[in-house]
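Chemist: Structure file start-v4.pdb (PDB, C-alpha atoms, pLDDT in the B column) right here:
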ATOM      1  CA  MET F   1      -4.208   4.273 -43.861  1.00 63.00           C
ATOM      2  CA  ASN F   2      -7.453   3.207 -45.518  1.00 70.00           C
ATOM      3  CA  ILE F   3      -8.288   4.859 -48.808  1.00 67.00           C
ATOM      4  CA  ASN F   4     -11.816   4.781 -50.176  1.00 70.00           C
ATOM      5  CA  ILE F   5     -12.534   6.593 -53.427  1.00 72.00           C
ATOM      6  CA  ASP F   6     -16.090   7.282 -54.526  1.00 73.00           C
ATOM      7  CA  ILE F   7     -16.572   9.514 -57.536  1.00 75.00           C
ATOM      8  CA  GLU F   8     -20.066  10.890 -57.408  1.00 77.00           C
ATOM      9  CA  LYS F   9     -20.085  12.421 -60.863  1.00 76.00           C
ATOM     10  CA  LEU F  10     -17.815  12.017 -63.874  1.00 75.00           C
ATOM     11  CA  ILE F  11     -18.754  14.187 -66.849  1.00 77.00           C
ATOM     12  CA  LEU F  12     -17.536  13.035 -70.259  1.00 77.00           C
ATOM     13  CA  GLU F  13     -18.509  15.678 -72.781  1.00 78.00           C
ATOM     14  CA  GLY F  14     -18.382  14.757 -76.430  1.00 78.00           C
ATOM     15  CA  MET F  15     -17.614  11.093 -75.814  1.00 77.00           C
ATOM     16  CA  PRO F  16     -19.961   8.485 -77.260  1.00 78.00           C
ATOM     17  CA  ILE F  17     -20.028   6.202 -74.229  1.00 81.00           C
ATOM     18  CA  SER F  18     -22.845   3.993 -72.984  1.00 83.00           C
ATOM     19  CA  PRO F  19     -24.029   4.042 -69.361  1.00 84.00           C
ATOM     20  CA  SER F  20     -22.407   0.642 -68.739  1.00 85.00           C
ATOM     21  CA  GLN F  21     -19.110   1.859 -70.226  1.00 85.00           C
ATOM     22  CA  ALA F  22     -19.356   5.001 -68.072  1.00 84.00           C
ATOM     23  CA  ARG F  23     -19.734   2.881 -64.911  1.00 86.00           C
ATOM     24  CA  LEU F  24     -16.726   0.779 -65.935  1.00 89.00           C
ATOM     25  CA  LEU F  25     -14.683   3.916 -66.621  1.00 89.00           C
ATOM     26  CA  GLN F  26     -15.707   5.384 -63.251  1.00 87.00           C
ATOM     27  CA  ALA F  27     -14.580   2.190 -61.492  1.00 90.00           C
ATOM     28  CA  GLU F  28     -11.253   2.317 -63.363  1.00 92.00           C
ATOM     29  CA  VAL F  29     -10.688   5.944 -62.320  1.00 91.00           C
ATOM     30  CA  GLU F  30     -11.506   5.144 -58.686  1.00 89.00           C
ATOM     31  CA  SER F  31      -9.207   2.109 -58.698  1.00 91.00           C
ATOM     32  CA  GLU F  32      -6.253   3.897 -60.318  1.00 93.00           C
ATOM     33  CA  LEU F  33      -6.621   6.937 -58.073  1.00 90.00           C
ATOM     34  CA  ALA F  34      -6.687   4.702 -54.992  1.00 90.00           C
ATOM     35  CA  LYS F  35      -3.466   3.019 -56.207  1.00 92.00           C
ATOM     36  CA  LEU F  36      -1.769   6.382 -56.754  1.00 91.00           C
ATOM     37  CA  LEU F  37      -2.768   7.595 -53.300  1.00 89.00           C
ATOM     38  CA  ALA F  38      -1.663   4.338 -51.675  1.00 88.00           C
ATOM     39  CA  ASN F  39       1.713   4.392 -53.433  1.00 91.00           C
ATOM     40  CA  LYS F  40       2.486   8.115 -53.453  1.00 89.00           C
ATOM     41  CA  GLY F  41       0.387   9.349 -50.546  1.00 86.00           C
ATOM     42  CA  LEU F  42      -1.997  12.220 -50.180  1.00 82.00           C
ATOM     43  CA  PRO F  43      -0.372  15.564 -50.996  1.00 79.00           C
ATOM     44  CA  ASP F  44       0.371  17.614 -47.868  1.00 76.00           C
ATOM     45  CA  ASN F  45      -1.982  20.407 -48.902  1.00 70.00           C
ATOM     46  CA  LEU F  46      -4.927  17.988 -48.691  1.00 73.00           C
ATOM     47  CA  LEU F  47      -4.027  16.218 -45.430  1.00 69.00           C
ATOM     48  CA  SER F  48      -6.065  18.675 -43.373  1.00 65.00           C
ATOM     49  CA  GLY F  49      -8.891  18.791 -45.903  1.00 66.00           C
ATOM     50  CA  GLY F  50      -9.246  20.643 -49.120  1.00 65.00           C
ATOM     51  CA  VAL F  51     -10.761  20.649 -52.551  1.00 64.00           C
ATOM     52  CA  VAL F  52      -9.284  19.335 -55.759  1.00 68.00           C
ATOM     53  CA  PRO F  53     -10.110  21.747 -58.561  1.00 67.00           C
ATOM     54  CA  GLY F  54     -11.747  20.341 -61.648  1.00 67.00           C
ATOM     55  CA  GLY F  55     -10.579  20.919 -65.149  1.00 70.00           C
ATOM     56  CA  ALA F  56     -10.467  19.634 -68.675  1.00 74.00           C
ATOM     57  CA  ILE F  57      -8.447  16.574 -69.609  1.00 77.00           C
ATOM     58  CA  GLN F  58      -7.456  15.754 -73.162  1.00 77.00           C
ATOM     59  CA  LEU F  59      -7.765  11.992 -73.641  1.00 74.00           C
ATOM     60  CA  LYS F  60      -5.618  10.210 -76.168  1.00 71.00           C
ATOM     61  CA  PRO F  61      -7.693   8.918 -79.083  1.00 72.00           C
ATOM     62  CA  GLY F  62      -8.179   5.174 -79.441  1.00 77.00           C
ATOM     63  CA  THR F  63      -7.739   4.308 -75.766  1.00 79.00           C
ATOM     64  CA  ASN F  64      -9.850   1.690 -74.011  1.00 83.00           C
ATOM     65  CA  SER F  65     -11.744   2.293 -70.759  1.00 83.00           C
ATOM     66  CA  THR F  66      -8.888   0.991 -68.602  1.00 86.00           C
ATOM     67  CA  GLN F  67      -6.370   3.304 -70.260  1.00 88.00           C
ATOM     68  CA  MET F  68      -8.793   6.238 -70.111  1.00 87.00           C
ATOM     69  CA  GLY F  69      -9.448   5.553 -66.421  1.00 89.00           C
ATOM     70  CA  GLN F  70      -5.739   5.492 -65.691  1.00 90.00           C
ATOM     71  CA  GLN F  71      -5.123   8.708 -67.631  1.00 88.00           C
ATOM     72  CA  ILE F  72      -8.000  10.523 -65.911  1.00 87.00           C
ATOM     73  CA  ALA F  73      -6.854   9.364 -62.448  1.00 90.00           C
ATOM     74  CA  GLN F  74      -3.280  10.446 -63.129  1.00 89.00           C
ATOM     75  CA  GLU F  75      -4.476  13.899 -64.183  1.00 85.00           C
ATOM     76  CA  ILE F  76      -6.654  14.163 -61.072  1.00 85.00           C
ATOM     77  CA  TYR F  77      -3.693  13.196 -58.889  1.00 87.00           C
ATOM     78  CA  ARG F  78      -1.501  15.795 -60.619  1.00 84.00           C
ATOM     79  CA  GLY F  79      -4.224  18.356 -59.936  1.00 81.00           C
ATOM     80  CA  MET F  80      -4.084  17.558 -56.223  1.00 81.00           C
ATOM     81  CA  LYS F  81      -0.554  18.881 -55.922  1.00 77.00           C
ATOM     82  CA  PRO F  82      -0.048  22.594 -55.295  1.00 71.00           C
TER      83      PRO F  82
END
Give the structure from the file, written as structure tokens.

Modeler:
Amino acid sequence: MNINIDIEKLILEGMPISPSQARLLQAEVESELAKLLANKGLPDNLLSGGVVPGGAIQLKPGTNSTQMGQQIAQEIYRGMKP
């Protein structure tokens, strides 16, 4: 199975983050989410297509972009499961 992740839009409200940091964070989220999908698979409810609902994520203070990307991706993956 080939997994390609492309996040079109990542909204970070209330976070003082530069455009270059935002691109780095987006790449981290895409990378971590691809790893989760490769290791744990796509949830059955999404195998035939589907939508992952959005929602708010509380980020831990003092985390770097790699840690934030991992946390966001893990929350997205959790949201994929029914």

Chemist: From the set F:Leu46, F:Leu12, F:Met68, F:Leu33, which residue has the shortest atom-to-atom contact distance to Met80 of chain F, counting all atoms listed in the file?

Modeler: F:Leu46

Chemist: Pick out the residues sitting within 9 Å of segment 19-24 of chain F, and hand them over as a PyMOL selection string; count all atoms listed in the file, and ignore anything fewer than 5 positions along from it in its own chain.

Modeler: chain F and resi 10+12+29+65-66+69

Chemist: Pick from F:Leu25, F:Pro82, F:Met15, F:Ala34: nearest to Pro61 of chain F, with all atoms listed in the file counted?

Modeler: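 Looking only at the distances to Pro61 of chain F, the closest residue turns out to be F:Met15.
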
Chemist: Rounded to one decimal, what separation in Å do you get between atom CA of Gly79 of chain F and atom CA of Asn2 of chain F?

Modeler: 21.2 Å

Chemist: Applied to this file, what does the PyMOL selection byres ((chain F and resi 75) around 12) return in terms of residues, put as a list in words?

Modeler: Val29, Glu32, Leu33, Leu36, Val52, Pro53, Gly54, Gly55, Ala56, Ile57, Gln58, Leu59, Met68, Gly69, Gln70, Gln71, Ile72, Ala73, Gln74, Ile76, Tyr77, Arg78, Gly79, Met80 and Lys81 of chain F

Chemist: Here is a test: counting all atoms listed in the file, which residue of F:Lys9, F:Asn4, F:Lys60, F:Ser18 is nearest to Lys35 of chain F?

Modeler: F:Asn4
